[in-house]
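Enquirer: Can you read through this structure? Questions will come right after.
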Amino acid sequence: MSIISNALSGSIAAQAALGAASQNIANMQTPGYTRQGVLLSSLGAGAGVRSAGTGVEVSSLLRFADAYKSQQMWRAASDQGARSQTQPYLTQLERIMGDESSSISNGIDGFFTALNAAAVDPTSTPLRQQIITAADAMAQHFNSISNVMNNQLLSLQQQRAAIMPQANTALSNIAALNQRISGSTAAGTNVSALMDARDQLIDGLASQMAIEVTDQPDGSRNISLKSGQPLVIGALAGSLSSSMAATGEQVLSLKFANSTFSLDNVAVGGQLGGLGDFERNTLQPLQQSIQDLASTLSAKVNVQLADGKTMTGNPGGPLFIYANGSLSISKDFTAADLALASSTGAAGDSKNLQSLIEIKNQSVDVEWVGSVLISDADTQLVGKLGIYSQQNQALLTTADTVRTQAINDWKSTSAVNKDEEAMSLVEFQNMYQANMKVISVANALFDATLQMMG
């Protein structure tokens, strides 16, 4: 009887729908889970004008995913990754360089304060010794800041190197999932769980670098960098690596099939791009600026001392030694070696001392801010660093907001809503019970027919 066949197909369809709803509810708190549903289609009538139809079938199992919303979520992850990687370095530099006690400005001010104090009695050994002490303290301020920057550079390189194996593992797993998904799709198997696992990997990869994702007809996804280099094509995955160039710069490369691509440390985007941008546009110029200031200041002081004479009437020797980015006091330099008098003046003359004091108001060329007074150089550098830090904080806040909105947009389509699932349970439970009632009625009619014939 067609009535039993129809009701049976309806009960089977209701069971499939209830199964999808129960799976959704079970994974309500599973990260990255995409909700599922069933698409019901009416089966057409058989032969004869009195046939209403042959029931219902589950024509497909739906996966509620929006490719556009996923792409937006991954793009937001890339920008957020870049800004979040940069900010800790900026904050540390800003805090240390801006601290009154550890700043280079504090060291420079202390040195020139000691020179000014010696003007009261240029022949005083304690005042002269104070100059040497202040000079050594200034050198330590320079070296302390330089050490922080060197440590940051080392940390950048270590972070970048650590991201590589993580990214390579993700690329390999995505390629393997592509192969499984395309094979299972061809065999008619539900691949929603495999797609969820792949999307989770893509989301993590997107935070590490800026990527483009392209869906393929067989269910696989091809992934490339924003700059066009391929990362995953079907079941084939690329491999990222880093190496140190002769210049001391860390170089990124991508090997795909038989081709090797050199990657730009900034254009790669994501966490890797954020590290590259900070290194290239902030840390390296700032390092060079500190070196410019230290080398110029020490050279000016040494030249001026050479133009004067010591307490014993000898020409002045160098107070500072600047080599390999490190500033120090000349070995065995004593208070008596300070050439504070002019070469033509008496021992108590302070003319050369006044010239030394005037150095503070001379200009110096530093890479990051150009030509500035020595007295203002560090302040200018800290100010520019503060502007960069504030800009990045603002962009990070924006990136966090965009990422949150993108996730919420994705959830509005793909995440499980317990109220909707509760309604589905009730609806398909009623559908199942109604179809079972139809079967019961059909059985009753069949029994009545048999009784009539008996």
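Labels for the structure tokens follow display order: chains A, B, ..., residues from 1 in each chain, ligands from 1.
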Would you mind listing what lies within 12 Å of Glu367 in chain A as a PyMOL selection string, with only C-alpha atoms counted and same-chain residues fewer than 5 positions away left out?
Expert: chain A and resi 281-293+372+377+380-381
Enquirer: Looking only at the backbone, which of the residues in range 322-352 of chain A does DSSP tag as helix (DSSP H, G or I), as a list in words?
Expert: Ala335, Ala336, Asp337, Lys351 and Asn352 of chain A
Enquirer: Going by DSSP on the backbone, which residues of range 11-211 of chain A come out as strand (DSSP E or B)? List them as a list in words.
Expert: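 Secondary structure check on range 11-211 of chain A, strand (DSSP E or B): Gln36, Gly37, Val38, Leu39, Leu40, Ser41, Ser42, Leu43, Gly55, Val56, Glu57, Val58, Ser59, Ser60, Leu61, Leu62, Arg63 and Ile211 of chain A.
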Enquirer: Since we have the selection now, will you write its residues out, keeping N, CA and C atoms, as a short mmCIF file (atom, residue, chain, number, x, y, z; two decimals), in the first residue's frame?
Expert:
data_model
loop_
_atom_site.label_atom_id
_atom_site.label_comp_id
_atom_site.auth_asym_id
_atom_site.auth_seq_id
_atom_site.Cartn_x
_atom_site.Cartn_y
_atom_site.Cartn_z
N GLN A 36 24.60 21.16 10.98
CA GLN A 36 24.11 20.40 9.82
C GLN A 36 22.58 20.32 9.84
N GLY A 37 22.03 19.98 8.71
CA GLY A 37 20.59 19.80 8.59
C GLY A 37 20.29 18.93 7.39
N VAL A 38 19.03 18.64 7.20
CA VAL A 38 18.64 17.79 6.07
C VAL A 38 17.79 18.58 5.08
N LEU A 39 17.95 18.25 3.83
CA LEU A 39 17.13 18.84 2.78
C LEU A 39 16.15 17.77 2.32
N LEU A 40 14.85 18.01 2.55
CA LEU A 40 13.81 17.04 2.20
C LEU A 40 13.21 17.37 0.84
N SER A 41 12.99 16.33 0.06
CA SER A 41 12.39 16.51 -1.27
C SER A 41 11.23 15.53 -1.44
N SER A 42 10.16 16.03 -2.03
CA SER A 42 9.00 15.18 -2.27
C SER A 42 9.26 14.25 -3.44
N LEU A 43 8.86 13.00 -3.25
CA LEU A 43 8.99 12.03 -4.33
C LEU A 43 7.75 12.10 -5.22
N GLY A 55 6.00 9.65 -1.45
CA GLY A 55 6.61 9.95 -0.16
C GLY A 55 7.66 11.05 -0.21
N VAL A 56 8.62 10.95 0.67
CA VAL A 56 9.65 11.99 0.82
C VAL A 56 11.01 11.31 0.94
N GLU A 57 12.05 12.03 0.56
CA GLU A 57 13.40 11.50 0.73
C GLU A 57 14.34 12.61 1.23
N VAL A 58 15.43 12.22 1.87
CA VAL A 58 16.48 13.16 2.26
C VAL A 58 17.41 13.29 1.06
N SER A 59 17.23 14.37 0.31
CA SER A 59 18.00 14.52 -0.93
C SER A 59 19.46 14.88 -0.66
N SER A 60 19.72 15.54 0.47
CA SER A 60 21.11 15.83 0.83
C SER A 60 21.20 16.24 2.29
N LEU A 61 22.40 16.09 2.83
CA LEU A 61 22.68 16.55 4.18
C LEU A 61 23.35 17.91 4.06
N LEU A 62 22.75 18.93 4.64
CA LEU A 62 23.24 20.29 4.49
C LEU A 62 24.32 20.62 5.53
N ARG A 63 25.29 21.39 5.11
CA ARG A 63 26.30 21.95 6.01
C ARG A 63 26.17 23.46 5.91
N ILE A 211 46.68 34.84 3.77
CA ILE A 211 46.43 33.80 2.76
C ILE A 211 45.18 34.08 1.95
#
Enquirer: Looking at only C-alpha atoms, which of A:Ser103, A:Leu156, A:Thr54, A:Gly316 is the one that sits closest to Gln271 in chain A?
Expert: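 Result for the nearest residue to Gln271 in chain A: A:Leu156.
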Enquirer: Can you tell me which residues surround Asn106 in chain A at a distance of at most 12 Å, considering only C-alpha atoms, apart from same-chain residues fewer than 2 positions away, and format the answer as a ChimeraX atom specification?
Expert: /A:96-104,108-113,134-135,137-142,375-379
Enquirer: A:Asn190, A:Ser51, A:Asp196, A:Met311: which is nearest Ala336 in chain A, counting only C-alpha atoms?
Expert: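 For Ala336 in chain A, the nearest of the candidates is A:Met311.
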Enquirer: Restricting the calculation to only C-alpha atoms, which member of A:Gln391, A:Asn352, A:Gln200, A:Thr214 is positioned closest to Pro31 in chain A?
Expert: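 Checking each candidate against Pro31 in chain A, we get A:Gln200 as the closest.
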